[in-house]
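Asker: Pasting my_file-v2.cif below, which is mmCIF, C-alpha atoms.
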data_run
#
loop_
_atom_site.label_atom_id
_atom_site.label_comp_id
_atom_site.auth_asym_id
_atom_site.auth_seq_id
_atom_site.Cartn_x
_atom_site.Cartn_y
_atom_site.Cartn_z
CA LEU A 1409 16.21 175.07 79.47
CA ALA A 1410 13.88 178.06 79.32
CA ALA A 1411 13.83 178.27 83.13
CA LYS A 1412 17.62 178.00 83.26
CA LYS A 1413 18.01 180.85 80.79
CA CYS A 1414 15.55 182.84 82.84
CA PHE A 1415 17.61 182.34 86.03
CA GLU A 1416 20.85 183.23 84.28
CA GLY A 1417 19.31 186.30 82.69
CA LEU A 1418 17.96 187.53 86.01
CA SER A 1419 21.29 187.15 87.80
CA ASP A 1420 23.40 188.70 85.05
CA ARG A 1421 24.63 192.15 86.11
CA ASN A 1422 25.18 193.20 82.52
CA THR A 1423 21.53 192.59 81.64
CA PRO A 1424 19.70 195.90 81.07
CA ARG A 1425 17.31 196.90 83.79
CA ARG A 1426 13.92 195.23 83.33
CA ARG A 1427 10.63 197.02 83.18
CA ALA A 1428 9.31 197.80 86.65
CA VAL A 1429 5.62 197.59 87.32
CA ALA A 1430 4.38 199.09 90.57
CA THR A 1431 1.39 197.58 92.26
CA LYS A 1432 -0.08 198.83 95.50
CA CYS A 1433 -1.78 196.48 97.94
CA CYS A 1434 -4.59 198.19 99.81
CA HIS A 1435 -6.26 196.60 102.78
CA THR A 1436 -8.45 197.71 105.67
CA PRO A 1437 -7.65 201.09 107.32
CA THR A 1438 -6.00 199.38 110.33
CA MET A 1439 -3.54 197.54 108.14
CA THR A 1440 -0.29 198.93 106.77
CA THR A 1441 -0.04 199.34 103.03
CA ALA A 1442 3.15 198.50 101.22
CA THR A 1443 4.42 198.99 97.70
CA HIS A 1444 5.79 196.03 95.75
CA PHE A 1445 7.83 196.15 92.57
CA VAL A 1446 7.65 193.34 90.06
CA MET A 1447 10.66 192.83 87.82
CA THR A 1448 9.55 191.20 84.60
CA SER A 1449 11.98 189.13 82.60
CA GLY A 1450 11.90 189.93 78.92
CA GLY A 1451 12.87 186.43 77.83
CA CYS A 1452 10.98 184.24 80.27
CA GLY A 1453 7.22 184.42 79.85
CA GLY A 1454 5.32 183.95 83.09
CA ALA A 1455 8.33 184.15 85.40
CA HIS A 1456 8.33 187.07 87.87
CA ILE A 1457 10.35 188.32 90.84
CA THR A 1458 8.57 190.22 93.59
CA LYS A 1459 10.62 192.49 95.86
CA ARG A 1460 9.65 194.69 98.80
CA ARG A 1461 11.27 198.11 98.40
CA HIS A 1462 10.49 199.34 101.91
CA PRO A 1463 9.65 197.42 105.08
CA ALA A 1464 6.20 197.92 106.57
CA ARG A 1465 5.81 200.88 108.93
CA PRO A 1466 4.23 200.58 112.38
CA SER A 1467 0.64 201.69 112.42
CA ALA A 1468 0.06 205.14 113.90
CA MET A 1469 -3.24 204.00 115.36
CA SER A 1470 -1.66 201.15 117.31
CA PRO A 1471 1.88 202.05 118.40
CA GLY A 1472 4.16 199.24 119.29
CA ARG A 1473 2.42 196.80 116.93
CA LEU A 1474 4.12 196.09 113.67
CA ARG A 1475 1.70 195.13 110.94
CA THR A 1476 2.96 194.06 107.59
CA ALA A 1477 0.88 193.98 104.45
CA PRO A 1478 -0.45 190.44 104.03
CA LYS A 1479 0.80 188.52 101.07
CA THR A 1480 -1.48 187.67 98.19
CA PRO A 1481 -3.14 184.28 99.01
CA VAL A 1482 -1.85 182.23 96.09
CA ASN A 1483 -0.20 178.86 95.96
CA VAL A 1484 3.41 179.59 94.99
CA ALA A 1485 6.10 177.07 94.14
CA SER A 1486 9.45 178.86 94.23
CA ARG A 1487 12.91 177.87 93.09
CA ARG A 1488 15.80 180.28 93.39
CA LYS A 1489 14.49 183.69 92.30
CA CYS A 1490 12.07 182.64 89.58
CA LEU A 1491 8.52 182.18 90.91
CA THR A 1492 5.77 180.03 89.43
CA VAL A 1493 2.21 180.93 90.45
CA VAL A 1494 -0.21 178.00 90.50
CA ALA A 1495 -3.90 178.87 90.22
CA ASN A 1496 -5.86 176.84 92.76
CA VAL A 1497 -9.34 178.25 92.17
CA VAL A 1498 -11.60 175.99 90.10
CA PRO A 1499 -14.55 177.80 88.47
CA GLN A 1500 -17.88 176.31 89.45
CA GLY A 1501 -20.13 174.93 86.73
CA ASP A 1502 -23.80 175.73 86.28
CA ALA A 1503 -25.13 172.14 86.29
CA LEU A 1504 -26.24 169.98 89.20
CA PRO A 1505 -25.03 166.37 89.48
CA PRO A 1506 -27.62 163.70 88.55
CA PRO A 1507 -28.57 162.72 92.14
CA ALA A 1508 -29.24 166.38 92.94
CA VAL A 1509 -31.32 166.68 89.77
CA PHE A 1510 -33.44 163.73 90.87
CA ASN A 1511 -34.02 165.46 94.21
CA ALA A 1512 -35.07 168.59 92.31
CA VAL A 1513 -37.55 166.48 90.34
CA LEU A 1514 -39.02 165.18 93.60
CA GLY A 1515 -39.34 168.70 94.95
CA THR A 1516 -41.14 169.75 91.77
CA ALA A 1517 -43.51 166.80 92.12
CA GLU A 1518 -44.44 167.89 95.64
CA LYS A 1519 -45.14 171.43 94.47
CA LYS A 1520 -47.32 170.21 91.62
CA ALA A 1521 -49.21 167.91 93.98
CA ALA A 1522 -49.99 170.81 96.30
CA GLN A 1523 -51.09 173.10 93.45
CA ASP A 1524 -54.79 173.96 93.24
CA LEU A 1525 -56.84 172.50 90.40
CA SER A 1526 -57.56 175.72 88.53
CA THR A 1527 -53.87 176.65 88.42
CA THR A 1528 -52.93 173.28 86.96
CA LEU A 1529 -55.66 173.54 84.35
CA VAL A 1530 -54.79 177.11 83.34
CA LEU A 1531 -51.07 176.36 83.14
CA GLY A 1532 -51.94 173.25 81.11
CA PHE A 1533 -53.84 175.46 78.67
CA SER A 1534 -50.77 177.69 78.40
CA ALA A 1535 -48.47 174.74 77.71
CA GLY A 1536 -50.74 173.41 74.94
CA ALA A 1537 -50.88 176.83 73.26
CA LEU A 1538 -47.12 177.37 73.50
CA ILE A 1539 -46.31 173.95 72.08
CA GLY A 1540 -48.81 174.80 69.32
CA ILE A 1541 -46.82 177.96 68.56
CA GLY A 1542 -43.67 175.87 68.19
CA ALA A 1543 -45.44 173.33 65.97
CA LEU A 1544 -46.83 176.13 63.81
CA LEU A 1545 -43.36 177.59 63.42
CA MET A 1546 -42.03 174.19 62.39
CA SER A 1547 -44.82 173.82 59.82
CA CYS A 1548 -44.33 177.26 58.28
CA VAL A 1549 -40.53 177.14 58.06
CA GLY A 1550 -38.93 173.72 57.75
CA ALA A 1551 -41.97 171.85 56.49
CA SER A 1552 -42.77 174.55 53.92
CA SER A 1553 -39.54 174.13 51.97
CA PRO A 1554 -40.38 171.65 49.19
CA ALA A 1555 -37.30 172.46 47.10
CA LEU A 1556 -35.02 171.81 50.07
CA ALA A 1557 -36.92 168.63 50.93
CA THR A 1558 -36.34 167.34 47.40
CA ALA A 1559 -32.70 168.35 47.13
CA ASN A 1560 -31.58 167.55 50.68
CA PRO A 1561 -34.22 165.77 52.80
CA GLY A 1562 -31.85 165.26 55.73
CA LEU A 1563 -31.11 168.97 56.01
CA CYS A 1564 -34.82 169.76 55.64
CA ASN A 1565 -35.68 167.40 58.51
CA PHE A 1566 -33.00 168.98 60.67
CA LEU A 1567 -34.41 172.43 59.89
CA LYS A 1568 -37.86 171.27 60.99
CA GLY A 1569 -36.35 169.98 64.21
CA ALA A 1570 -34.21 173.01 65.01
CA VAL A 1571 -36.83 175.67 64.22
CA GLY A 1572 -40.11 175.29 66.05
CA LEU A 1573 -40.65 172.87 68.91
CA PRO A 1574 -37.45 173.79 70.81
CA ALA A 1575 -38.84 177.32 70.98
CA GLY A 1576 -42.20 176.00 72.19
CA LEU A 1577 -40.72 173.91 75.01
CA THR A 1578 -38.40 176.77 75.99
CA LEU A 1579 -41.44 178.99 76.51
CA VAL A 1580 -43.17 176.25 78.50
CA ILE A 1581 -40.19 175.82 80.85
CA LEU A 1582 -39.49 179.51 81.35
CA THR A 1583 -43.15 180.29 82.13
CA GLY A 1584 -43.72 177.29 84.42
CA ALA A 1585 -46.52 175.88 82.26
CA GLU A 1586 -47.89 172.37 82.86
CA LEU A 1587 -46.92 170.04 80.01
CA PHE A 1588 -48.46 166.59 80.31
CA THR A 1589 -45.54 164.66 78.83
CA GLY A 1590 -43.06 166.18 81.26
CA ASN A 1591 -45.47 165.84 84.18
CA VAL A 1592 -45.67 162.08 83.65
CA MET A 1593 -41.97 161.80 84.45
CA THR A 1594 -42.06 164.31 87.32
CA MET A 1595 -45.12 162.96 89.12
CA CYS A 1596 -44.17 159.32 88.61
CA SER A 1597 -40.77 160.02 90.17
CA GLY A 1598 -42.50 161.53 93.20
CA LEU A 1599 -44.82 158.52 93.49
CA LEU A 1600 -41.96 156.01 93.28
CA ALA A 1601 -40.06 157.90 95.98
CA LYS A 1602 -43.26 158.02 98.12
CA ARG A 1603 -43.25 161.81 98.15
CA ILE A 1604 -46.76 162.17 96.69
CA GLU A 1605 -49.95 160.12 96.65
CA ALA A 1606 -51.38 158.32 93.61
CA GLY A 1607 -54.44 160.59 93.69
CA ALA A 1608 -52.26 163.69 93.24
CA LEU A 1609 -50.51 162.02 90.30
CA PHE A 1610 -53.68 161.17 88.39
CA ARG A 1611 -55.22 164.55 89.17
CA ASN A 1612 -52.20 166.35 87.73
CA TRP A 1613 -52.09 164.08 84.66
CA LEU A 1614 -55.79 164.55 83.93
CA LEU A 1615 -55.86 168.33 84.36
CA SER A 1616 -52.63 168.99 82.49
CA TYR A 1617 -53.70 166.69 79.63
CA ALA A 1618 -57.09 168.39 79.35
CA GLY A 1619 -55.51 171.84 79.52
CA ASN A 1620 -52.96 170.91 76.85
CA PHE A 1621 -55.71 169.65 74.54
CA ILE A 1622 -57.84 172.78 74.97
CA GLY A 1623 -54.87 175.12 74.49
CA SER A 1624 -53.75 173.26 71.36
CA ILE A 1625 -57.23 173.41 69.78
CA VAL A 1626 -57.56 177.12 70.56
CA MET A 1627 -54.15 177.79 69.00
CA ALA A 1628 -55.11 175.76 65.91
CA TYR A 1629 -58.21 177.93 65.40
CA LEU A 1630 -56.22 181.12 66.00
CA ALA A 1631 -53.54 180.05 63.50
CA PHE A 1632 -56.22 179.18 60.95
CA GLY A 1633 -57.97 182.51 61.52
CA ALA A 1634 -54.66 184.33 61.05
CA LYS A 1635 -54.17 182.47 57.72
CA THR A 1636 -50.63 181.47 58.69
CA ALA A 1637 -50.81 178.59 56.18
CA SER A 1638 -52.44 180.52 53.35
CA ALA A 1639 -49.44 180.14 51.04
CA PRO A 1640 -49.71 177.04 48.83
CA ALA A 1641 -46.50 175.49 50.15
CA ALA A 1642 -47.48 176.06 53.78
CA LYS A 1643 -51.01 174.74 53.26
CA ALA A 1644 -49.71 171.62 51.55
CA ALA A 1645 -47.26 171.14 54.41
CA VAL A 1646 -49.81 171.31 57.23
CA VAL A 1647 -52.26 169.06 55.37
CA GLY A 1648 -49.50 166.56 54.58
CA ILE A 1649 -48.26 166.49 58.18
CA ALA A 1650 -51.73 165.80 59.58
CA THR A 1651 -52.49 163.12 56.99
CA SER A 1652 -49.21 161.29 57.54
CA LYS A 1653 -49.74 161.22 61.31
CA VAL A 1654 -53.14 159.50 61.13
CA SER A 1655 -51.82 157.02 58.56
CA LEU A 1656 -49.48 155.31 61.02
CA SER A 1657 -50.27 151.86 62.33
CA PHE A 1658 -50.95 151.49 66.07
CA GLY A 1659 -47.60 149.78 66.73
CA VAL A 1660 -45.56 152.33 64.79
CA ALA A 1661 -47.29 155.26 66.50
CA LEU A 1662 -46.71 153.61 69.89
CA CYS A 1663 -42.98 153.12 69.29
CA LYS A 1664 -42.57 156.64 67.93
CA GLY A 1665 -44.33 157.94 71.04
CA ILE A 1666 -41.99 155.98 73.31
CA LEU A 1667 -38.88 157.31 71.60
CA CYS A 1668 -40.21 160.85 71.49
CA ASN A 1669 -41.03 161.34 75.15
CA TRP A 1670 -37.82 159.67 76.26
CA LEU A 1671 -36.03 162.62 74.65
CA VAL A 1672 -38.58 165.19 75.80
CA CYS A 1673 -38.29 164.06 79.44
CA LEU A 1674 -34.50 164.19 79.20
CA ALA A 1675 -34.84 167.76 77.94
CA VAL A 1676 -36.97 168.58 81.00
CA TRP A 1677 -34.40 166.78 83.18
CA GLY A 1678 -31.66 168.94 81.63
CA THR A 1679 -33.54 172.14 82.44
CA MET A 1680 -33.70 171.09 86.09
CA ALA A 1681 -29.98 170.32 86.05
CA SER A 1682 -29.08 173.79 84.80
CA THR A 1683 -29.09 176.85 87.03
CA SER A 1684 -29.01 179.42 84.21
CA ALA A 1685 -31.52 180.40 81.55
CA ALA A 1686 -28.94 179.86 78.80
CA GLY A 1687 -28.20 176.38 80.13
CA LYS A 1688 -31.89 175.51 80.14
CA VAL A 1689 -32.28 176.64 76.52
CA LEU A 1690 -29.30 174.53 75.45
CA ALA A 1691 -30.59 171.53 77.40
CA ILE A 1692 -33.86 171.79 75.47
CA PHE A 1693 -32.42 172.31 72.00
CA TRP A 1694 -30.64 169.04 71.23
CA PRO A 1695 -33.18 166.47 72.53
CA ILE A 1696 -36.15 168.26 70.94
CA THR A 1697 -34.31 168.83 67.68
CA ALA A 1698 -33.41 165.14 67.64
CA PHE A 1699 -36.96 163.85 68.12
CA VAL A 1700 -38.45 166.10 65.43
CA THR A 1701 -35.64 165.39 62.97
CA LEU A 1702 -36.08 161.64 63.47
CA GLY A 1703 -39.84 161.82 63.00
CA PHE A 1704 -40.98 160.73 66.48
CA GLU A 1705 -44.48 161.49 67.79
CA HIS A 1706 -45.42 163.89 70.60
CA SER A 1707 -49.03 163.75 71.74
CA VAL A 1708 -49.38 167.42 72.71
CA ALA A 1709 -47.77 168.68 69.50
CA ASN A 1710 -50.13 166.42 67.54
CA MET A 1711 -53.09 167.95 69.39
CA PHE A 1712 -52.26 171.07 67.40
CA LEU A 1713 -50.86 169.68 64.15
CA ILE A 1714 -53.76 167.36 63.28
CA PRO A 1715 -56.62 169.80 64.01
CA HIS A 1716 -54.72 172.54 62.19
CA GLY A 1717 -54.40 170.27 59.16
CA MET A 1718 -58.11 169.41 59.38
CA LEU A 1719 -59.02 173.11 59.40
CA ASN A 1720 -56.92 173.60 56.28
CA GLY A 1721 -58.64 170.82 54.35
CA ALA A 1722 -57.13 167.50 55.46
CA GLN A 1723 -59.67 164.69 55.07
CA ILE A 1724 -59.46 163.43 58.64
CA THR A 1725 -62.21 162.70 61.14
CA VAL A 1726 -62.04 163.15 64.89
CA LYS A 1727 -62.18 159.36 65.22
CA ASP A 1728 -59.18 159.00 62.92
CA MET A 1729 -57.26 161.55 64.94
CA MET A 1730 -57.99 159.95 68.30
CA LEU A 1731 -57.68 156.23 67.46
CA ASN A 1732 -54.93 156.35 64.85
CA ASN A 1733 -52.64 158.85 66.56
CA ILE A 1734 -53.51 160.55 69.84
CA LEU A 1735 -54.31 157.35 71.74
CA PRO A 1736 -51.26 155.23 70.76
CA VAL A 1737 -48.88 158.20 70.90
CA THR A 1738 -50.10 159.22 74.36
CA LEU A 1739 -49.67 155.63 75.56
CA GLY A 1740 -46.14 155.54 74.16
CA ASN A 1741 -45.32 158.89 75.79
CA VAL A 1742 -46.47 157.56 79.17
CA ILE A 1743 -44.52 154.31 78.84
CA SER A 1744 -41.22 156.02 78.10
CA ALA A 1745 -41.61 158.62 80.86
CA VAL A 1746 -42.53 156.03 83.49
CA ILE A 1747 -39.99 153.33 82.61
CA PHE A 1748 -37.04 154.92 80.85
CA VAL A 1749 -36.81 158.21 82.74
CA ALA A 1750 -38.65 158.16 86.08
CA GLY A 1751 -38.14 154.45 86.76
CA LEU A 1752 -34.56 154.33 85.54
CA HIS A 1753 -33.42 157.35 87.56
CA PHE A 1754 -35.33 156.27 90.64
CA TRP A 1755 -33.48 152.95 90.50
CA ALA A 1756 -30.16 154.76 90.16
CA TYR A 1757 -30.63 157.65 92.60
CA GLY A 1758 -33.85 157.27 94.58
CA ARG A 1759 -33.83 153.87 96.23
CA GLN A 1760 -33.37 153.68 99.98
CA ASP A 1761 -30.42 151.63 101.22
#
In structure tokens, what does this structure look like?

Answerer:
Amino acid sequence: LAAKKCFEGLSDRNTPRRRAVATKCCHTPTMTTATHFVMTSGGCGGAHITKRRHPARPSAMSPGRLRTAPKTPVNVASRRKCLTVVANVVPQGDALPPPAVFNAVLGTAEKKAAQDLSTTLVLGFSAGALIGIGALLMSCVGASSPALATANPGLCNFLKGAVGLPAGLTLVILTGAELFTGNVMTMCSGLLAKRIEAGALFRNWLLSYAGNFIGSIVMAYLAFGAKTASAPAAKAAVVGIATSKVSLSFGVALCKGILCNWLVCLAVWGTMASTSAAGKVLAIFWPITAFVTLGFEHSVANMFLIPHGMLNGAQITVKDMMLNNILPVTLGNVISAVIFVAGLHFWAYGRQD
């Protein structure tokens, strides 16, 4: 009915003259320019009539050749005098499809395998320190809110997840640092696809793990020296976090490690899928926030959290830290990265026909 009214209104001689909008089409110097007038109907939104006031003139530079101004390349469905313009340009997204992401993972594995030992170790140190920064932020903000934890523990856990470790992993990804938990997925994918050798895999795992541990310990000492947990609430938080982590049974720590690195590796996968910095940050935020909120265990984060708690007075020995947490959590992190991320996506996208 609206279209019908539009047609009738446009053909009615008694209808007042519509607003005329002049648009000039400019092309290359050898092409003729022409002026078009668009009559806009006042009662039919989106319906337009385009008329040519003057025919195109022959070009002075090429006599005898009549060049008309080319029409605008749009898909137009016309009926009578009312035109409907159909947009046929689909904006491209900023994410790769999953098979392309798996290929990007394989390319990353090859680059890491060809990297010299000192670079891997230094970038591993950087990753451990940056994850330590995120864990420190989590401890001093979300974990240091006892009133909120009492009144609304769910919201307090979400705050711990949203503020801290997502920032740490974002810094790791944007600086190209070597994080052991992500490297397990990346290098195992390359090994399954026969793009790297087993020796390159174990070399990368060993150097990145050692670098992460050293960087985390250094950051723990720096945070302690800076007295970042000097406030009573903050000190109680960091001591309580460290104590609770070494109080887990082997099986519980293992399962928490499996669930944690499944999400962490998917965050790394998401950063490879995105082609923009903003997309990478968003891909990191939700998986990392989820694992911290749910209380899962990340071996590299614990390399900072437990020593930092020990420096602030937690009654924990190195043996307690290694056997009760770091060992089972690291094993769980490896299992999830190998089976549930690298193995699963290799089966879906990497097998040869």

Asker: Applied to the shown file, which residues does the PyMOL selection byres ((chain A and resi 1520-1532) around 6) return, written as a ChimeraX atom specification?

Answerer: /A:1517-1519,1533-1535,1585-1586,1608,1615-1616,1619-1620

Asker: List every residue of range 1680-1718 of chain A that has an atom at most 10 Å from any atom of range 1632-1640 of chain A, giving for each one its closest atom pair and the distance in Å to one decimal, counting all atoms listed in the file, sorted by chain and then by ascending residue number, as JSON lines.

Answerer:
{"residue": "A:Pro1715", "atom": "CA", "partner": "A:Phe1632", "partner_atom": "CA", "distance": 9.9}
{"residue": "A:His1716", "atom": "CA", "partner": "A:Phe1632", "partner_atom": "CA", "distance": 6.9}
{"residue": "A:Gly1717", "atom": "CA", "partner": "A:Phe1632", "partner_atom": "CA", "distance": 9.3}

Asker: Between A:Met1718, A:Met1730, A:Leu1609, A:Val1626, which is the closest to Thr1594 in chain A once you count all atoms listed in the file?

Answerer: A:Leu1609

Asker: Which residue out of A:Ala1686, A:Cys1673, A:Leu1656, A:Leu1713 has the minimum interatomic distance to Met1595 in chain A when only C-alpha atoms are used?

Answerer: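 Selected residue with least distance to Met1595 in chain A: A:Cys1673.
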
Asker: Kindly give the distance, in Å, that separates CA of Asn1720 in chain A and CA of Ser1547 in chain A, rounded to a single decimal.

Answerer: 12.6 Å

Asker: When you draw a straight line from CA of Ile1747 in chain A to CA of Val1571 in chain A, how long is it in Å?

Answerer: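 Result for CA of Ile1747 in chain A versus CA of Val1571 in chain A: 29.1 Å, one decimal.
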
Asker: Could you jot down the CA of Ser1597 in chain A to CA of Ala1750 in chain A separation for me, Å, one decimal place?

Answerer: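 CA of Ser1597 in chain A sits 5.0 Å away from CA of Ala1750 in chain A.
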